[in-house]
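A short write-up of the structure that comes next.
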Amino acid sequence: MVNLIWVMMAVVGIVFAAINGTMEEVNKAVFESAKEAVTISIGMISVLVFWLGLMAIAERAGLLHKVARLFMPIVRRLFPEVPPGHPALGYIVSNMVANMFGLGNAATPMGIKAMEQLKQLNGGRDEASRSMVTFLAINTSSITLIPATVISIRMTYGSAAPGEIIGTTVVASTISTIGAVLIDRYYYWKRTRKGGKR
């Protein structure tokens, strides 16, 4: 579906440019955007490699394990249906830690593994369980302490202070995560009141 939307947007844009006689501007924008995309990607690669390297060092030093243990009581409260010691909890915590450091690319595989484990706990049903909905809400909003991707983009565009966004990112992502958890809990409470408890 998403691919179809992108194709439709491209087709509509080209047709609109042909009708208005602005194909030259469209061609220029296509090539400039391609060049800019490569420049941004190269800039992001350096920052992501740096942070992924730090994460690997932290993992070997046992720091990630300690952080995961620190978050485990919170995760157990957020996901009461997941049995203690289940692999899903480990993947959820790893995903949260990676997102906290702005490493969305590193967080994605762990998020997929967490969802697979949660689906197994849900009996393989296509309907999302309470834990799956909660994880999706937290993963989407996710508290971010160091927005590595945004910092790398700001560096690419020559920002005088690429790291000044950290404070506002922490505040905004914290508020969004609290909001996501509250909304998730509200709709779960509302559903259980109607007798749809699962």
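Labels used: A, B, ... for chains in the order of the structure tokens, numbers from 1 for residues in each chain, and numbers from 1 for ligands as shown.
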Give the helix (DSSP H, G or I) residues of segment 39-84 of chain A, as DSSP finds them on the backbone, and put them as a ChimeraX atom specification. /A:39-60,63-78
Can you pull out the residues contacting Thr39 of chain A? Cut-off 12 Å, using only C-alpha atoms, and skip same-chain residues under 4 positions away; I want them as a ChimeraX atom specification.
/A:32-35,43-46,152-153,155-157
Mind running segment 102-149 of chain A against segment 66-76 of chain A at 12 Å and telling me each contacting residue's nearest atom pair with the distance in Å (one decimal), counting only C-alpha atoms, chain and number ascending, as JSON lines?
{"residue": "A:Ser131", "atom": "CA", "partner": "A:Val75", "partner_atom": "CA", "distance": 10.6}
{"residue": "A:Thr134", "atom": "CA", "partner": "A:Val75", "partner_atom": "CA", "distance": 10.5}
{"residue": "A:Phe135", "atom": "CA", "partner": "A:Val75", "partner_atom": "CA", "distance": 9.8}
{"residue": "A:Ile138", "atom": "CA", "partner": "A:Val75", "partner_atom": "CA", "distance": 10.6}
Residue with the minimum atom-to-atom distance to Ala88 of chain A, picked from A:Lys190, A:Lys119, A:Lys28, A:Arg130 with only C-alpha atoms counted, is A:Lys119
Atom CA of Ile143 of chain A to atom CA of Met100 of chain A measures 5.5 Å
note - atom CA of Glu116 of chain A and atom CA of Leu4 of chain A are separated by 26.4 Å
